[in-house]
Amino acid sequence: MSEPPGTPLLDVRGVTKSFGHGRRRLTAVDGVDIRVGRGETLGLVGESGCGKSTLARVVLGLERPDAGSVRFDGTDPFTLKGRDLLAWRRRVQMVFQDPFASLNARMCAGDLIGEPWRTHRDIVPTARERDRRVRELLSLVGLRESDAGRYPNEFSGGQRQRIGIARALALEPDLIVCDEPVSALDLSVQAQVLNVLSELRARLGVSYVFISHDLSVVRYISDRVAVMYLGKVIEHGRADDVFDRPLHPYTAALMSSAPRLDVSGEAPGEEIPLRGEIPSPYGIPSGCRFRTRCWKSEARCAETAPSAVTREPAPPTGRERHEGLCHFPLDG
Amino acid sequence: MPAPDGRIPSGAATSSRSRPPRWWLLLGRDRTAAAAATVLALVFLVALSGRLFLGDRAVRQDLRASLRPPSLDHGFSGLLGTDVLGRSVLARLVDAAGTTLSIAVPAVLCSLLIGSALGLWAGYHGGVRESVAMRVADVILSFPSLLIAVVVLYVFAPGAMNIVLILAVARIPVYLRTARAEAAELRSRLFVDAARTFGTPASAIIVRHLLPIALPTLLTVATLDFCFVMLTESSLSFLGIGIQPPEVSWGLMVAQGRQYLRTAWWIAVLPGLAIMLTTVSATVLAAWVRLATDPGQRWRLTLPRKRRGARAAVPPEMIA
Amino acid sequence: MKPTDLPSPGRPVLEVDGLRVDLHTPSGTVRAVDGVSFGVHKGRTLALLGESGCGKSMTALSIAGLLDPVAEVTGGSVRVSGTDVVRSSRAERRKLAGPVLSIVFQDALAALNPVQPVGRQLAEPFRIHRGLSRRRAAQRAVELMTRVGIPEPGLRARSYPHQFSGGMRQRLLIAMAVALDPDVLIADEPTTALDVTVQAQIMRLLRDLRTEREMALVLITHDLAVVARHADDVVVMYAGTVVETGPVRDVFSRPRHPYTKGLLDSVPEHAVRGRPLPAVPGSPPELSAVPSGCVFRARCPLAAERCARERPPLESVGVSRSAACHFSEEFDRV
């Protein structure tokens with residue numbers, strides 16, 4: 001697989017994670033590779049059951065993968081212990097999907113943002129330093145200093161999400177995994193929070209793994225994108241490449257199903273109807289896992305799993321290749 | 001519409017959401033719960049300070065004044081009548097309140113502390129620790145508590161300390177199970193995940209996040225358990241293996257007054273009433289506490305009593 | 001999905017006129033819906049578009065008569081096929097639920113009885129309102145399941161709700177809602193909890209059913225794109241009031257209210273990567289703290305002194321279009 005220029009900040013190779021045992025074994029993530037460079041935003045797109053949340057938890061060290069490796073700036077966090085593990089935890093943080101559930105309702109904003117420091121006491125040694133930093137973070141995400149003493153139920157959803165972002169910044173991480181950060185927010189507020197994230201990226205150089213099911217949001221904020229289906233990355237490449245000329249039928253179907261805002265009066269583009277629903281993750285189809293819903297599927301798709309296909313013409317070296325797993329990729 | 005001055009547009013709302021009303025105001029609005037709370041407060045007050053005003057009236061015998069019915073003729077001590085030895089029933093009620101509560105409250109506190117701590121720890125970690133804790137709870141629960149109490153107190157001498165111990169141990173599983181259930185549910189919440197991503201150790205997560213959320217439920221259980229413990233102590237005293245004379249508890253008073261039910265009903269009935277009043281008040285208050293301490297359910301307290309469990313299980317802010 | 005272009009003749013089958021709903025909260029009474037009016041004709045889809053706190057769900061619940069006990073209708077009327085449901089008694093409303101008016105909720109799992117097989121739940125409307133025998137009602141239930149696209153309906157009628165996927169459950173809810181051929185079907189965020197590819201299927205099903213049975217479909221949503229693709233007319237709501245109405249194509253290409261324009265601009269679809277999105281500052285107000293005068297003025301770039309004094313009435317700004325803004329005349333999409 002091609003690599004973005006320079007050593008990647010996050011290098012995930014062949015990660016597999018399953019839950020349960022026997023017949024009730026669920027492979028949530030099946031041999032996934034992703035790479036994120038410094039200052040870069042990788043969009044992770046997929047529907048329910050695709051494994052994106054599990055992958056996020058593996059990246060954050062909340063779940064241990066069954067196979068494969070995770071390398072953060074060259075180090076495998078799963079080999080770290082004690083102080084080293086604690087030091088690593090500073091470098092990767094997460095913004096959660098649900099602004100209501102990810103904040104403890106009984107703690108005020110200042111305590112919530114400062115909670116990470118209680119475990120990493122060396123960052124802000126004095127109470128004064130702590131208060132100063134809390135005020136700094138609050139203003140960084142567009143909240144008022146006086147908000148530090150308020151409780152989550154006194155904030156709106158968008159404001160709570162800002163608190164979550166401020167908290168994720170408290171340890172000054174290099175990489176932030178954003179798990180559907182704007183899905184639970186009102187439309188007019190989504191744009192505000194997206195702006196906060198963009199601004200932080202420009203100002204602090206932080207990298208993002210941006211997980212979302214909303215294609216237009218992913219396209220806007222991501223440099224590169226990976227599309228997941230039932231535990232596998234079935235297409236990846238630069239955001240414009242993937243969205244303008246999708247390689248994999250699933251990506252194309254996703255894009256045509258997602259309603260668009262165009263009301264110019266022309267007939268909307270052909271909607272690609274997908275058969276049936278996403279198969280249960282307990283019974284993943286043989287060969288190509290998308291074949292049960294794919295209009296191009298043939299016998300070959302059931303027999304062999306497709307290998308990576310690159311979109312031609314290959315881009316100049318240094319640029320990310322556009323690849324997908326399909327026997328019969330779509331023409332550009 | 002560009003952001004002003006290139007600053008990130010302020011997310012601050014034009015007005016803050018309203019703070020939840022203070023709990024004493026909430027209590028004031030619900031008359032039944034307020035009455036219950038007042039009764040309980042009075043009982044505690046009497047238990048704590050009553051003995052100071054009594055002097056020795058609780059034990060002063062006056063055989064000439066034996067079995068007097070409640071009347072206003074003989075001053076304060078005669079208000080609720082006297083028992084067979086001429087002792088003032090009112091004074092004995094006050095004295096007994098102190099004893100009864102001095103057994104019930106420590107027992108509840110003990111089991112609350114030990115059971116909750118074990119339960120939260122077991123529930124958060126899960127796995128072997130959870131199984132072991134649950135089996136311990138099962139073992140304790142499988143013995144009928146009253147029977148055990150009888151056996152233990154018969155073998156060892158009955159006394160206030162032993163009673164407290166027995167009751168405390170017998171009730172630990174109640175808190176253990178509740179705390180474990182709460183912790184098991186809370187451990188998969190997002191803010192706990194968030195705490196783990198900062199590297200917070202398990203003990204800190206339990207104390208900082210799980211305990212404050214589980215506490216209201218545990219306190220509600222404790223309030224109800226208080227009734228149970230009080231009644232158990234009364235039963236034990238009634239059976240003769242609880243509080244021994246010359247000390248007195250409400251249950252003991254009922255036992256002692258049993259043979260006089262036809263002739264001097266006040267000796268047995270009045271302490272019985274005291275037990276009933278206290279347990280009913282505690283139960284009513286427990287129902288209120290359950291709603292008041294859960295921020296998500298508090299809105300129900302503003303509905304008229306008969307509509308509280310009613311259809312719309314949807315708080316106002318979830319609609320629209 | 002192509003919107004229907006032909007206007008429907010006659011009176012609207014659903015007419016909401018000046019609806020006012022008050023909400024009793026622990027800290028006092030707030031007005032959740034303040035003077036909302038709109039109409040829907042048979043065979044057309046109207047979208048109630050707005051963010052949280054705008055009152056769209058309250059409006060829907062008021063129409064369906066499901067408001068007790070914290071909220072009550074304090075003014076206005078709601079006429080469904082001529083009958084004023086607000087003034088009707090509970091018994092009369094119960095008769096209308098199903099054959100005349102029906103509602104599909106967002107959370108299918110909560111709306112279905114978890115301990116009853118779905119076949120029996122689907123048969124229930126037929127037994128209650130049409131008095132069919134158990135066997136006949138069961139037959140109709142299976143027919144319904146076939147119509148909404150549930151595979152092997154005869155077999156699956158014996159399954160329980162949790163044994164279906166999210167999309168299938170939503171189809172079941174829709175089946176229950178259209179069982180008695182209502183005149184008006186209200187869909188409250190019917191696809192929000194579903195995957196994108198399943199959303200498309202569900203919306204197509206709703207559209208087909210609407211055309212087939214000549215229903216009026218009221219779509220409650222906060223998703224602009226869903227409105228653009230699936231609705232004929234739109235009513236934009238904010239803080240309990242209507243700020244703009246009109247055919248979707250016209251309103252979205254030439255909005256006449258700053259809020260509508262703000263929403264349309266803040267969608268990342270046409271944004272350029274790297275440049276900030278033109279976001280509407282602030283957030284929707286608390287119902288207990290709605291600004292005086294124009295409800296939107298705290299966030300509006302055009303707010304003037306007049307906006308604080310007078311609330312702009314909902315006035316006509318074109319053919320079948322209206323907007324509530326003092327500056328809707330001068331206001332034009334740049």
# chains A, B, ... in the order shown; residues from 1 in each chain; ligands from 1
$ interface_residues --of "chain A" --to "chain C" --cutoff "6 Å" --atoms "only C-alpha atoms" --output "ChimeraX atom specification"
/A:47,186,188,191-192,195,216-217,220,257-261,263
$ interface_residues --of "chain A" --to "chain B" --cutoff "7 Å" --atoms "only C-alpha atoms" --output "CSV table (one decimal) with C-alpha atoms, in the first residue's frame"
chain,number,residue,atom,x,y,z
A,60,LEU,CA,-7.2,4.5,21.8
A,86,LEU,CA,0.5,6.9,30.8
A,89,ARG,CA,-2.1,8.2,26.6
A,90,ARG,CA,-1.4,11.9,26.4
A,93,GLN,CA,-7.4,11.4,22.7
A,101,ALA,CA,-23.4,10.7,27.7
A,102,SER,CA,-19.7,11.5,27.4
A,103,LEU,CA,-19.8,14.1,30.2
A,104,ASN,CA,-20.5,13.2,33.8
A,116,PRO,CA,-7.2,14.3,32.7
A,119,THR,CA,-3.9,11.5,36.5
A,142,GLY,CA,-15.3,29.4,21.8
A,143,LEU,CA,-16.8,29.2,25.3
A,144,ARG,CA,-16.8,31.9,28.0
A,154,GLU,CA,-26.9,24.1,31.6
A,155,PHE,CA,-25.3,23.9,28.2
A,159,GLN,CA,-21.7,23.6,23.8
A,196,VAL,CA,-13.8,24.7,15.9
$ closest_residue --among "C:Glu214, C:Glu305, C:Asp22, C:Asp181" --to "chain B" --atoms "only C-alpha atoms"
C:Asp22
$ residues_around --residues "Ala222 (chain B)" --least-positions-apart "3" --cutoff "10 Å" --atoms "only C-alpha atoms" --output "PyMOL selection string"
chain B and resi 105+108-109+111-112+171+174-175+216-219+225-229+282+286
$ write_last_selection --atoms "N, CA and C atoms" --output "mmCIF file, in the first residue's frame"
data_model
loop_
_atom_site.group_PDB
_atom_site.id
_atom_site.type_symbol
_atom_site.label_atom_id
_atom_site.label_comp_id
_atom_site.auth_asym_id
_atom_site.auth_seq_id
_atom_site.Cartn_x
_atom_site.Cartn_y
_atom_site.Cartn_z
ATOM 1 N N VAL B 105 -29.686 2.557 63.128
ATOM 2 C CA VAL B 105 -28.836 3.444 62.315
ATOM 3 C C VAL B 105 -27.416 2.889 62.133
ATOM 4 N N VAL B 108 -27.538 -0.068 59.665
ATOM 5 C CA VAL B 108 -27.708 0.340 58.271
ATOM 6 C C VAL B 108 -26.424 0.970 57.738
ATOM 7 N N LEU B 109 -25.826 1.838 58.520
ATOM 8 C CA LEU B 109 -24.606 2.492 58.044
ATOM 9 C C LEU B 109 -23.511 1.478 57.729
ATOM 10 N N SER B 111 -23.770 -1.785 56.976
ATOM 11 C CA SER B 111 -24.002 -2.591 55.777
ATOM 12 C C SER B 111 -23.948 -1.735 54.527
ATOM 13 N N LEU B 112 -24.373 -0.491 54.645
ATOM 14 C CA LEU B 112 -24.307 0.418 53.499
ATOM 15 C C LEU B 112 -22.859 0.583 53.051
ATOM 16 N N ARG B 171 -27.664 -7.764 56.107
ATOM 17 C CA ARG B 171 -28.180 -6.870 55.070
ATOM 18 C C ARG B 171 -27.140 -6.455 54.050
ATOM 19 N N VAL B 174 -27.881 -6.804 50.219
ATOM 20 C CA VAL B 174 -28.820 -5.877 49.571
ATOM 21 C C VAL B 174 -28.064 -4.749 48.894
ATOM 22 N N TYR B 175 -27.116 -4.185 49.630
ATOM 23 C CA TYR B 175 -26.342 -3.083 49.056
ATOM 24 C C TYR B 175 -25.344 -3.582 48.033
ATOM 25 N N PRO B 216 -27.493 7.981 45.176
ATOM 26 C CA PRO B 216 -28.926 8.161 45.431
ATOM 27 C C PRO B 216 -29.681 6.841 45.540
ATOM 28 N N THR B 217 -29.396 5.937 44.605
ATOM 29 C CA THR B 217 -30.072 4.640 44.675
ATOM 30 C C THR B 217 -29.736 3.944 45.986
ATOM 31 N N LEU B 218 -28.470 3.985 46.354
ATOM 32 C CA LEU B 218 -28.059 3.302 47.574
ATOM 33 C C LEU B 218 -28.708 3.942 48.797
ATOM 34 N N LEU B 219 -28.816 5.253 48.783
ATOM 35 C CA LEU B 219 -29.464 5.922 49.916
ATOM 36 C C LEU B 219 -30.943 5.572 49.989
ATOM 37 N N ASP B 225 -34.292 0.044 53.897
ATOM 38 C CA ASP B 225 -33.691 -0.991 54.723
ATOM 39 C C ASP B 225 -33.789 -0.624 56.201
ATOM 40 N N PHE B 226 -33.749 0.670 56.445
ATOM 41 C CA PHE B 226 -33.892 1.164 57.807
ATOM 42 C C PHE B 226 -35.181 0.638 58.435
ATOM 43 N N CYS B 227 -36.244 0.660 57.664
ATOM 44 C CA CYS B 227 -37.513 0.140 58.167
ATOM 45 C C CYS B 227 -37.387 -1.342 58.504
ATOM 46 N N PHE B 228 -36.774 -2.057 57.578
ATOM 47 C CA PHE B 228 -36.656 -3.494 57.766
ATOM 48 C C PHE B 228 -35.860 -3.806 59.021
ATOM 49 N N VAL B 229 -34.759 -3.095 59.191
ATOM 50 C CA VAL B 229 -33.907 -3.349 60.352
ATOM 51 C C VAL B 229 -34.636 -3.015 61.647
ATOM 52 N N ALA B 282 -40.626 6.698 56.674
ATOM 53 C CA ALA B 282 -39.382 6.400 55.963
ATOM 54 C C ALA B 282 -39.683 5.898 54.558
ATOM 55 N N ALA B 286 -38.590 7.700 51.184
ATOM 56 C CA ALA B 286 -37.739 6.974 50.233
ATOM 57 C C ALA B 286 -38.256 7.155 48.818
#
$ residues_around --residues "region 234-244 of chain A" --least-positions-apart "3" --cutoff "6 Å" --atoms "only C-alpha atoms" --output "PyMOL selection string"
chain A and resi 223-228+321-325
$ write_last_selection --atoms "N, CA and C atoms" --output "compact mmCIF listing (two decimals), in the first residue's frame"
# COMPACT_ATOMS: atom_id res chain seq x y z
N ASP A 223 -8.74 14.92 4.55
CA ASP A 223 -7.80 14.91 3.43
C ASP A 223 -7.89 13.57 2.71
N ARG A 224 -7.88 12.50 3.52
CA ARG A 224 -7.99 11.17 2.94
C ARG A 224 -9.17 10.47 3.58
N VAL A 225 -9.67 9.45 2.92
CA VAL A 225 -10.84 8.79 3.47
C VAL A 225 -10.72 7.29 3.29
N ALA A 226 -11.25 6.52 4.26
CA ALA A 226 -11.32 5.06 4.15
C ALA A 226 -12.77 4.67 4.38
N VAL A 227 -13.28 3.81 3.50
CA VAL A 227 -14.68 3.38 3.60
C VAL A 227 -14.71 1.96 4.16
N MET A 228 -15.49 1.76 5.20
CA MET A 228 -15.54 0.44 5.83
C MET A 228 -16.88 -0.24 5.61
N ARG A 321 -2.36 6.46 -3.27
CA ARG A 321 -3.08 5.75 -4.31
C ARG A 321 -4.53 5.56 -3.91
N HIS A 322 -5.34 5.39 -4.93
CA HIS A 322 -6.77 5.20 -4.69
C HIS A 322 -7.04 3.72 -4.89
N GLU A 323 -7.33 2.99 -3.81
CA GLU A 323 -7.45 1.55 -3.91
C GLU A 323 -8.77 1.05 -3.37
N GLY A 324 -9.18 -0.14 -3.84
CA GLY A 324 -10.41 -0.72 -3.34
C GLY A 324 -10.37 -2.23 -3.48
N LEU A 325 -11.27 -2.91 -2.78
CA LEU A 325 -11.33 -4.36 -2.84
C LEU A 325 -12.54 -4.76 -3.66
$ closest_residue --among "A:Arg128, A:Arg91, A:Arg275, A:Lys52" --to "Leu175 (chain A)" --atoms "only C-alpha atoms"
A:Arg91
$ closest_residue --among "C:Ser328, C:Thr146, C:Thr221, C:Gln163" --to "chain B" --atoms "only C-alpha atoms"
C:Thr221
$ select_by_dssp --residues "region 76-306 of chain A" --states "alpha helix (DSSP H)" --output "PyMOL selection string"
chain A and resi 82-89+109-119+127-140+157-169+187-204+215-221+239-244+249-257+299-303
$ residues_around --residues "Gly272 (chain B)" --least-positions-apart "5" --cutoff "8 Å" --atoms "only C-alpha atoms" --output "PDB file with C-alpha atoms, in the first residue's frame"
ATOM      1  CA  TRP B 250     -40.334  -0.301  71.079  1.00  0.00           C
ATOM      2  CA  GLY B 251     -40.462  -3.965  70.244  1.00  0.00           C
ATOM      3  CA  VAL B 254     -44.954  -4.332  72.691  1.00  0.00           C
TER       4      VAL B 254
END
$ closest_atom_pairs --of "region 125-179 of chain B" --to "region 77-100 of chain B" --cutoff "12 Å" --atoms "only C-alpha atoms" --output "tab-separated table"
residue	atom	partner	partner_atom	distance
B:Gly159	CA	B:Thr99	CA	11.5
B:Ala160	CA	B:Thr99	CA	8.6
B:Met161	CA	B:Thr99	CA	11.6
B:Ile163	CA	B:Thr100	CA	11.0
B:Val164	CA	B:Thr100	CA	10.6
$ write_last_selection --atoms "C-alpha atoms" --output "PDB file, in the first residue's frame"
ATOM      1  CA  GLY B 159     -26.855  -7.346  73.534  1.00  0.00           C
ATOM      2  CA  ALA B 160     -26.990  -4.177  71.524  1.00  0.00           C
ATOM      3  CA  MET B 161     -23.593  -4.745  69.899  1.00  0.00           C
ATOM      4  CA  ILE B 163     -27.684  -7.247  67.376  1.00  0.00           C
ATOM      5  CA  VAL B 164     -26.121  -4.479  65.360  1.00  0.00           C
TER       6      VAL B 164
END
